[in-house]
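The file run_29.pdb contains PDB, C-alpha atoms, pLDDT in the B column:
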ATOM      1  CA  GLN A   1     -18.302  15.807  10.652  1.00 81.00           C
ATOM      2  CA  VAL A   2     -15.245  14.782  12.610  1.00 87.00           C
ATOM      3  CA  GLN A   3     -13.551  17.492  14.639  1.00 94.00           C
ATOM      4  CA  LEU A   4     -10.372  17.091  16.675  1.00 96.00           C
ATOM      5  CA  VAL A   5      -9.090  19.943  18.834  1.00 96.00           C
ATOM      6  CA  GLU A   6      -5.648  19.699  20.459  1.00 96.00           C
ATOM      7  CA  SER A   7      -4.461  21.683  23.451  1.00 96.00           C
ATOM      8  CA  GLY A   8      -1.656  21.670  25.990  1.00 97.00           C
ATOM      9  CA  GLY A   9       1.386  22.499  23.899  1.00 96.00           C
ATOM     10  CA  GLY A  10       3.934  25.115  24.863  1.00 97.00           C
ATOM     11  CA  LEU A  11       7.503  25.866  25.813  1.00 98.00           C
ATOM     12  CA  VAL A  12       9.202  23.624  28.365  1.00 98.00           C
ATOM     13  CA  GLN A  13      12.761  23.129  29.542  1.00 98.00           C
ATOM     14  CA  PRO A  14      14.613  19.864  28.907  1.00 98.00           C
ATOM     15  CA  GLY A  15      13.584  17.302  31.501  1.00 98.00           C
ATOM     16  CA  GLY A  16      10.188  18.921  31.949  1.00 98.00           C
ATOM     17  CA  SER A  17       6.695  17.585  31.339  1.00 98.00           C
ATOM     18  CA  LEU A  18       3.628  18.491  29.327  1.00 98.00           C
ATOM     19  CA  ARG A  19       0.239  16.892  28.828  1.00 98.00           C
ATOM     20  CA  LEU A  20      -1.496  17.203  25.496  1.00 98.00           C
ATOM     21  CA  SER A  21      -5.240  16.756  25.138  1.00 98.00           C
ATOM     22  CA  CYS A  22      -7.357  16.090  22.066  1.00 98.00           C
ATOM     23  CA  ALA A  23     -11.112  16.540  22.279  1.00 97.00           C
ATOM     24  CA  ALA A  24     -13.081  14.717  19.600  1.00 95.00           C
ATOM     25  CA  SER A  25     -16.574  15.285  18.286  1.00 89.00           C
ATOM     26  CA  GLY A  26     -18.657  13.884  15.491  1.00 81.00           C
ATOM     27  CA  ILE A  27     -17.311  10.353  15.822  1.00 80.00           C
ATOM     28  CA  PHE A  28     -18.102   7.139  17.647  1.00 85.00           C
ATOM     29  CA  PHE A  29     -15.061   7.846  19.753  1.00 88.00           C
ATOM     30  CA  ARG A  30     -14.864   4.604  21.672  1.00 88.00           C
ATOM     31  CA  LEU A  31     -14.661   2.622  18.422  1.00 88.00           C
ATOM     32  CA  TYR A  32     -11.777   4.550  16.895  1.00 93.00           C
ATOM     33  CA  THR A  33      -8.029   4.185  17.215  1.00 96.00           C
ATOM     34  CA  MET A  34      -6.608   7.497  18.379  1.00 97.00           C
ATOM     35  CA  GLY A  35      -3.048   8.547  17.783  1.00 98.00           C
ATOM     36  CA  TRP A  36      -0.545  11.315  18.339  1.00 98.00           C
ATOM     37  CA  TYR A  37       1.860  12.187  15.556  1.00 98.00           C
ATOM     38  CA  ARG A  38       4.526  14.854  15.347  1.00 98.00           C
ATOM     39  CA  GLN A  39       6.330  16.739  12.642  1.00 98.00           C
ATOM     40  CA  ALA A  40       9.525  18.698  13.120  1.00 96.00           C
ATOM     41  CA  PRO A  41      10.769  21.191  10.503  1.00 92.00           C
ATOM     42  CA  GLY A  42      12.269  19.357   7.550  1.00 94.00           C
ATOM     43  CA  ASN A  43      11.044  15.983   8.774  1.00 95.00           C
ATOM     44  CA  GLN A  44       8.167  13.733   7.832  1.00 97.00           C
ATOM     45  CA  ARG A  45       5.216  13.337  10.145  1.00 97.00           C
ATOM     46  CA  GLU A  46       5.806  10.365  12.424  1.00 98.00           C
ATOM     47  CA  LEU A  47       3.723   8.299  14.803  1.00 98.00           C
ATOM     48  CA  VAL A  48       4.409   9.011  18.461  1.00 98.00           C
ATOM     49  CA  ALA A  49       1.788   6.856  20.156  1.00 98.00           C
ATOM     50  CA  ALA A  50      -1.554   5.221  19.441  1.00 98.00           C
ATOM     51  CA  ILE A  51      -4.338   3.653  21.470  1.00 98.00           C
ATOM     52  CA  THR A  52      -7.156   1.424  20.252  1.00 96.00           C
ATOM     53  CA  GLY A  53     -10.712   1.535  21.454  1.00 93.00           C
ATOM     54  CA  ASP A  54      -9.882  -1.432  23.691  1.00 93.00           C
ATOM     55  CA  GLY A  55      -6.948   0.409  25.231  1.00 95.00           C
ATOM     56  CA  ASP A  56      -4.081  -1.356  23.487  1.00 97.00           C
ATOM     57  CA  THR A  57      -1.165   1.016  23.025  1.00 98.00           C
ATOM     58  CA  ASP A  58       1.809   1.405  20.721  1.00 98.00           C
ATOM     59  CA  TYR A  59       4.757   3.792  21.015  1.00 98.00           C
ATOM     60  CA  ALA A  60       7.636   4.994  18.905  1.00 98.00           C
ATOM     61  CA  ASP A  61      10.912   3.640  20.275  1.00 98.00           C
ATOM     62  CA  SER A  62      12.157   7.186  20.864  1.00 97.00           C
ATOM     63  CA  VAL A  63       9.413   7.929  23.424  1.00 98.00           C
ATOM     64  CA  LYS A  64       8.980   4.571  25.180  1.00 98.00           C
ATOM     65  CA  GLY A  65       9.269   4.966  28.933  1.00 98.00           C
ATOM     66  CA  ARG A  66       8.793   8.751  28.730  1.00 98.00           C
ATOM     67  CA  PHE A  67       5.396   9.269  27.071  1.00 98.00           C
ATOM     68  CA  THR A  68       2.035   7.740  27.976  1.00 98.00           C
ATOM     69  CA  ILE A  69      -1.075   7.793  25.831  1.00 98.00           C
ATOM     70  CA  SER A  70      -4.481   7.369  27.430  1.00 98.00           C
ATOM     71  CA  ARG A  71      -8.108   7.962  26.596  1.00 97.00           C
ATOM     72  CA  ASP A  72     -11.310   8.858  28.413  1.00 95.00           C
ATOM     73  CA  ASN A  73     -14.189   7.518  26.352  1.00 93.00           C
ATOM     74  CA  ALA A  74     -16.743   9.306  28.538  1.00 93.00           C
ATOM     75  CA  LYS A  75     -15.141  12.644  27.626  1.00 95.00           C
ATOM     76  CA  ASN A  76     -14.248  11.770  24.014  1.00 95.00           C
ATOM     77  CA  THR A  77     -10.701  12.827  24.808  1.00 96.00           C
ATOM     78  CA  VAL A  78      -7.269  11.343  24.267  1.00 97.00           C
ATOM     79  CA  TYR A  79      -4.203  12.460  26.203  1.00 98.00           C
ATOM     80  CA  LEU A  80      -0.454  12.327  25.760  1.00 98.00           C
ATOM     81  CA  GLN A  81       1.546  12.685  28.955  1.00 98.00           C
ATOM     82  CA  MET A  82       5.096  13.633  28.042  1.00 98.00           C
ATOM     83  CA  ASN A  83       7.805  13.380  30.704  1.00 98.00           C
ATOM     84  CA  ASP A  84      11.564  13.892  30.580  1.00 98.00           C
ATOM     85  CA  LEU A  85      11.219  15.963  27.443  1.00 98.00           C
ATOM     86  CA  LYS A  86      14.238  16.335  25.192  1.00 98.00           C
ATOM     87  CA  ARG A  87      15.144  18.982  22.631  1.00 97.00           C
ATOM     88  CA  GLU A  88      14.517  16.442  19.882  1.00 97.00           C
ATOM     89  CA  ASP A  89      10.877  16.209  20.981  1.00 98.00           C
ATOM     90  CA  THR A  90      10.339  19.709  19.623  1.00 98.00           C
ATOM     91  CA  ALA A  91       7.669  19.507  16.911  1.00 98.00           C
ATOM     92  CA  VAL A  92       4.081  20.205  16.038  1.00 98.00           C
ATOM     93  CA  TYR A  93       1.983  17.449  17.568  1.00 98.00           C
ATOM     94  CA  TYR A  94      -1.137  16.284  15.760  1.00 98.00           C
ATOM     95  CA  CYS A  95      -4.067  14.239  16.985  1.00 98.00           C
ATOM     96  CA  ASN A  96      -5.424  11.586  14.622  1.00 97.00           C
ATOM     97  CA  ALA A  97      -8.593   9.511  14.618  1.00 96.00           C
ATOM     98  CA  ARG A  98      -8.593   6.379  12.478  1.00 94.00           C
ATOM     99  CA  TRP A  99     -11.439   4.109  11.430  1.00 89.00           C
ATOM    100  CA  PRO A 100     -11.883   1.553   8.669  1.00 88.00           C
ATOM    101  CA  GLY A 101     -11.700   3.463   5.432  1.00 87.00           C
ATOM    102  CA  GLY A 102     -10.654   6.825   6.758  1.00 90.00           C
ATOM    103  CA  ASN A 103      -8.991   9.095   9.258  1.00 93.00           C
ATOM    104  CA  SER A 104      -9.053  12.697  10.422  1.00 95.00           C
ATOM    105  CA  TRP A 105      -6.466  15.153  11.775  1.00 97.00           C
ATOM    106  CA  GLY A 106      -6.466  17.967  14.269  1.00 97.00           C
ATOM    107  CA  GLN A 107      -4.880  21.346  13.571  1.00 96.00           C
ATOM    108  CA  GLY A 108      -1.767  20.611  15.636  1.00 97.00           C
ATOM    109  CA  THR A 109      -0.187  22.086  18.743  1.00 97.00           C
ATOM    110  CA  GLN A 110       3.407  23.283  19.036  1.00 98.00           C
ATOM    111  CA  VAL A 111       5.720  21.714  21.602  1.00 98.00           C
ATOM    112  CA  THR A 112       9.081  23.406  22.059  1.00 98.00           C
ATOM    113  CA  VAL A 113      11.731  21.979  24.369  1.00 98.00           C
ATOM    114  CA  SER A 114      14.407  24.551  25.036  1.00 97.00           C
ATOM    115  CA  SER A 115      16.360  26.098  27.863  1.00 95.00           C
TER
END

Same coordinates, now as structure tokens:
Amino acid sequence: QVQLVESGGGLVQPGGSLRLSCAASGIFFRLYTMGWYRQAPGNQRELVAAITGDGDTDYADSVKGRFTISRDNAKNTVYLQMNDLKREDTAVYYCNARWPGGNSWGQGTQVTVSS
């Protein structure tokens, strides 16, 4: 059974930084594409960043140059380093694991950017 547990969310001032972590279990982690999505109130869930098992990355235009996704296959963990945070980054951030024929979601972690 796949389990994804996010951590690292919180309240931060504009211009600040946070690092989200997602610990995975029950999967062949190194084979899966891992992603971070976010959903703000009234909005659809959107892709923030993704990283393949080979380390190829993809980012939403709105976070390019500010966010960095990385993974540690030895620890079955994916990270999202978020710098220069803006109010519009406020959302619940979800970890996602994707494999051929399926995917799984974490429970989400709240990120609030406010002064």

Exercise for the section: With a distance cut-off of 7 Å and only C-alpha atoms, select the neighbouring residues of Gln39 in chain A, excluding the residue or stretch itself and same-chain residues fewer than 5 positions from it, and output the selection as a list of chain:residue names. Expected result: A:Gln44, A:Arg45, A:Glu46, A:Ala91, A:Val92, A:Tyr93

Handout entry: Nearest residue to Ser114 in chain A from the set A:Phe67, A:Gly16, A:Tyr79, A:Cys22 (distances using only C-alpha atoms)
Key =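 Of A:Phe67, A:Gly16, A:Tyr79, A:Cys22, the one nearest Ser114 in chain A, counting only C-alpha atoms, is A:Gly16.
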
Within 12 Å of range 97-105 of chain A, which residues of range 38-81 of chain A come that close, and what is the closest atom pair and distance in Å for each? Count all atoms listed in the file and give it as a tab-separated table.
residue	atom	partner	partner_atom	distance
A:Arg38	CA	A:Trp105	CA	11.6
A:Arg45	CA	A:Trp105	CA	11.9
A:Ala50	CA	A:Ala97	CA	9.6
A:Ile51	CA	A:Ala97	CA	10.0
A:Thr52	CA	A:Arg98	CA	9.3
A:Gly53	CA	A:Trp99	CA	10.4
A:Asn76	CA	A:Ala97	CA	11.2
A:Thr77	CA	A:Ala97	CA	10.9
A:Val78	CA	A:Ala97	CA	9.9

Exercise for the section: Tell me, in Å to one decimal, how far CA of Trp36 in chain A is from CA of Asn96 in chain A. Expected result: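 A separation of 6.1 Å between them.
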
Exercise for the section: Take the point (-16.1, 1.8, 25.4) in the file's coordinates, draw a sphere of radius 8 Å around it, and report as a ChimeraX atom specification every protein, DNA or RNA residue with an atom inside or on it, counting only C-alpha atoms. Expected result: /A:30-31,53-54,73

Residues from the last selection, C-alpha atoms, saved as a PDB file, in the frame of the given file:
ATOM      1  CA  ARG A  30     -14.864   4.604  21.672  1.00 88.00           C
ATOM      2  CA  LEU A  31     -14.661   2.622  18.422  1.00 88.00           C
ATOM      3  CA  GLY A  53     -10.712   1.535  21.454  1.00 93.00           C
ATOM      4  CA  ASP A  54      -9.882  -1.432  23.691  1.00 93.00           C
ATOM      5  CA  ASN A  73     -14.189   7.518  26.352  1.00 93.00           C
TER       6      ASN A  73
END

Selection: 12 Å around Val113 in chain A, only C-alpha atoms, excl. self and same-chain fewer than 6 positions, as a PDB file with C-alpha atoms, keeping the file's coordinate frame:
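Output saved as out27.pdb:
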ATOM      1  CA  GLY A   9       1.386  22.499  23.899  1.00 96.00           C
ATOM      2  CA  GLY A  10       3.934  25.115  24.863  1.00 97.00           C
ATOM      3  CA  LEU A  11       7.503  25.866  25.813  1.00 98.00           C
ATOM      4  CA  VAL A  12       9.202  23.624  28.365  1.00 98.00           C
ATOM      5  CA  GLN A  13      12.761  23.129  29.542  1.00 98.00           C
ATOM      6  CA  PRO A  14      14.613  19.864  28.907  1.00 98.00           C
ATOM      7  CA  GLY A  15      13.584  17.302  31.501  1.00 98.00           C
ATOM      8  CA  GLY A  16      10.188  18.921  31.949  1.00 98.00           C
ATOM      9  CA  SER A  17       6.695  17.585  31.339  1.00 98.00           C
ATOM     10  CA  LEU A  18       3.628  18.491  29.327  1.00 98.00           C
ATOM     11  CA  ALA A  40       9.525  18.698  13.120  1.00 96.00           C
ATOM     12  CA  MET A  82       5.096  13.633  28.042  1.00 98.00           C
ATOM     13  CA  ASN A  83       7.805  13.380  30.704  1.00 98.00           C
ATOM     14  CA  ASP A  84      11.564  13.892  30.580  1.00 98.00           C
ATOM     15  CA  LEU A  85      11.219  15.963  27.443  1.00 98.00           C
ATOM     16  CA  LYS A  86      14.238  16.335  25.192  1.00 98.00           C
ATOM     17  CA  ARG A  87      15.144  18.982  22.631  1.00 97.00           C
ATOM     18  CA  GLU A  88      14.517  16.442  19.882  1.00 97.00           C
ATOM     19  CA  ASP A  89      10.877  16.209  20.981  1.00 98.00           C
ATOM     20  CA  THR A  90      10.339  19.709  19.623  1.00 98.00           C
ATOM     21  CA  ALA A  91       7.669  19.507  16.911  1.00 98.00           C
ATOM     22  CA  VAL A  92       4.081  20.205  16.038  1.00 98.00           C
TER      23      VAL A  92
END

Exercise for the section: Quote the spacing between CA of Asp61 in chain A and CA of Leu47 in chain A in Å to one decimal place. Expected result: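 That distance, rounded to one decimal, is 10.2 Å.
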
Exercise for the section: Could you tell me which of A:Thr57, A:Gly42, A:Val111, A:Ile27 comes closest to Ile69 in chain A if we count all atoms listed in the file? Expected result: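 Nearest to Ile69 in chain A: A:Thr57.
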
Exercise for the section: Find, counting only C-alpha atoms, the residue in A:Arg19, A:Ala24, A:Gly55, A:Lys75 that gets nearest to Val5 in chain A. Expected result: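 Nearest to Val5 in chain A: A:Ala24.
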
Fill in the blank from the handout: CA of Gly106 in chain A to CA of Leu4 in chain A measures 4.7 Å

Practice task
Dig up all the protein and nucleic acid residues within 7 Å of (-7.3, 19.9, 24.2) in the file frame, using all atoms listed in the file, and format them as an MDAnalysis selection string.
Solution key: chainID A and resid 5:8 20:23

Expected file: the selected residues, C-alpha atoms, as a short mmCIF file (atom, residue, chain, number, x, y, z; two decimals), in the coordinates of the input:
data_model
loop_
_atom_site.label_atom_id
_atom_site.label_comp_id
_atom_site.auth_asym_id
_atom_site.auth_seq_id
_atom_site.Cartn_x
_atom_site.Cartn_y
_atom_site.Cartn_z
CA VAL A 5 -9.09 19.94 18.83
CA GLU A 6 -5.65 19.70 20.46
CA SER A 7 -4.46 21.68 23.45
CA GLY A 8 -1.66 21.67 25.99
CA LEU A 20 -1.50 17.20 25.50
CA SER A 21 -5.24 16.76 25.14
CA CYS A 22 -7.36 16.09 22.07
CA ALA A 23 -11.11 16.54 22.28
#

Practice task
Run the PyMOL selection byres ((chain A and resi 26) around 6) on the file and write out the hits as a list in words.
Solution key: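 What the PyMOL selection byres ((chain A and resi 26) around 6) grabs from the file is Gln1, Val2, Ser25 and Ile27 of chain A.
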
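With distances restricted to all atoms listed in the file, A:Pro41 is the closest residue to Gln110 in chain A from A:Val63, A:Ser70, A:Asp58, A:Pro41.
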
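Proximity of A:Gln81, A:Lys64, A:Gln3, A:Thr112 to Phe28 in chain A, computed with only C-alpha atoms, is greatest for A:Gln3.
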
Can we get range 20-31 of chain A of that structure written down with all heavy atoms, as an mmCIF file, in the first residue's frame?
data_model
loop_
_atom_site.group_PDB
_atom_site.id
_atom_site.type_symbol
_atom_site.label_atom_id
_atom_site.label_comp_id
_atom_site.auth_asym_id
_atom_site.auth_seq_id
_atom_site.Cartn_x
_atom_site.Cartn_y
_atom_site.Cartn_z
ATOM 1 N N LEU A 20 9.505 21.759 1.784
ATOM 2 C CA LEU A 20 8.550 20.679 1.999
ATOM 3 C C LEU A 20 9.243 19.341 1.774
ATOM 4 O O LEU A 20 10.111 19.223 0.914
ATOM 5 C CB LEU A 20 7.366 20.800 1.048
ATOM 6 C CG LEU A 20 6.605 22.125 1.047
ATOM 7 C CD1 LEU A 20 5.426 22.038 0.082
ATOM 8 C CD2 LEU A 20 6.151 22.503 2.442
ATOM 9 N N SER A 21 8.817 18.353 2.540
ATOM 10 C CA SER A 21 9.324 16.991 2.389
ATOM 11 C C SER A 21 8.148 16.042 2.217
ATOM 12 O O SER A 21 7.060 16.273 2.763
ATOM 13 C CB SER A 21 10.138 16.569 3.612
ATOM 14 O OG SER A 21 11.239 17.413 3.827
ATOM 15 N N CYS A 22 8.374 14.977 1.477
ATOM 16 C CA CYS A 22 7.363 13.936 1.299
ATOM 17 C C CYS A 22 8.069 12.594 1.409
ATOM 18 O O CYS A 22 8.888 12.249 0.561
ATOM 19 C CB CYS A 22 6.676 14.076 -0.052
ATOM 20 S SG CYS A 22 5.571 12.703 -0.458
ATOM 21 N N ALA A 23 7.732 11.868 2.470
ATOM 22 C CA ALA A 23 8.304 10.544 2.697
ATOM 23 C C ALA A 23 7.363 9.492 2.134
ATOM 24 O O ALA A 23 6.171 9.495 2.452
ATOM 25 C CB ALA A 23 8.534 10.322 4.177
ATOM 26 N N ALA A 24 7.910 8.610 1.309
ATOM 27 C CA ALA A 24 7.101 7.594 0.641
ATOM 28 C C ALA A 24 7.409 6.210 1.175
ATOM 29 O O ALA A 24 8.559 5.906 1.535
ATOM 30 C CB ALA A 24 7.359 7.628 -0.862
ATOM 31 N N SER A 25 6.389 5.378 1.216
ATOM 32 C CA SER A 25 6.572 3.978 1.586
ATOM 33 C C SER A 25 5.638 3.120 0.746
ATOM 34 O O SER A 25 4.634 3.608 0.226
ATOM 35 C CB SER A 25 6.311 3.759 3.076
ATOM 36 O OG SER A 25 4.992 4.127 3.406
ATOM 37 N N GLY A 26 5.993 1.863 0.628
ATOM 38 C CA GLY A 26 5.132 0.942 -0.094
ATOM 39 C C GLY A 26 5.244 1.016 -1.595
ATOM 40 O O GLY A 26 4.391 0.482 -2.308
ATOM 41 N N ILE A 27 6.284 1.711 -2.093
ATOM 42 C CA ILE A 27 6.450 1.824 -3.541
ATOM 43 C C ILE A 27 7.909 1.598 -3.904
ATOM 44 O O ILE A 27 8.786 1.727 -3.053
ATOM 45 C CB ILE A 27 6.009 3.213 -4.068
ATOM 46 C CG1 ILE A 27 6.887 4.327 -3.467
ATOM 47 C CG2 ILE A 27 4.547 3.451 -3.778
ATOM 48 C CD1 ILE A 27 6.583 5.701 -4.052
ATOM 49 N N PHE A 28 8.132 1.264 -5.181
ATOM 50 C CA PHE A 28 9.500 1.220 -5.689
ATOM 51 C C PHE A 28 9.895 2.644 -6.039
ATOM 52 O O PHE A 28 9.888 3.039 -7.200
ATOM 53 C CB PHE A 28 9.569 0.298 -6.899
ATOM 54 C CG PHE A 28 9.305 -1.141 -6.574
ATOM 55 C CD1 PHE A 28 8.087 -1.722 -6.888
ATOM 56 C CD2 PHE A 28 10.270 -1.914 -5.940
ATOM 57 C CE1 PHE A 28 7.836 -3.048 -6.587
ATOM 58 C CE2 PHE A 28 10.031 -3.245 -5.635
ATOM 59 C CZ PHE A 28 8.806 -3.818 -5.956
ATOM 60 N N PHE A 29 10.254 3.386 -5.022
ATOM 61 C CA PHE A 29 10.356 4.840 -5.101
ATOM 62 C C PHE A 29 11.193 5.304 -6.278
ATOM 63 O O PHE A 29 10.800 6.206 -7.011
ATOM 64 C CB PHE A 29 10.938 5.378 -3.795
ATOM 65 C CG PHE A 29 11.073 6.875 -3.744
ATOM 66 C CD1 PHE A 29 9.968 7.669 -3.465
ATOM 67 C CD2 PHE A 29 12.291 7.494 -3.975
ATOM 68 C CE1 PHE A 29 10.084 9.042 -3.415
ATOM 69 C CE2 PHE A 29 12.422 8.869 -3.922
ATOM 70 C CZ PHE A 29 11.313 9.638 -3.644
ATOM 71 N N ARG A 30 12.333 4.685 -6.475
ATOM 72 C CA ARG A 30 13.259 5.190 -7.486
ATOM 73 C C ARG A 30 12.701 5.052 -8.901
ATOM 74 O O ARG A 30 13.221 5.656 -9.838
ATOM 75 C CB ARG A 30 14.600 4.480 -7.388
ATOM 76 C CG ARG A 30 14.572 3.000 -7.683
ATOM 77 C CD ARG A 30 15.965 2.367 -7.564
ATOM 78 N NE ARG A 30 16.447 2.430 -6.196
ATOM 79 C CZ ARG A 30 17.508 3.157 -5.827
ATOM 80 N NH1 ARG A 30 18.160 3.880 -6.719
ATOM 81 N NH2 ARG A 30 17.900 3.155 -4.579
ATOM 82 N N LEU A 31 11.651 4.274 -9.076
ATOM 83 C CA LEU A 31 11.075 4.072 -10.403
ATOM 84 C C LEU A 31 9.949 5.057 -10.712
ATOM 85 O O LEU A 31 9.530 5.172 -11.857
ATOM 86 C CB LEU A 31 10.538 2.649 -10.532
ATOM 87 C CG LEU A 31 11.541 1.515 -10.360
ATOM 88 C CD1 LEU A 31 10.835 0.182 -10.525
ATOM 89 C CD2 LEU A 31 12.687 1.637 -11.353
#
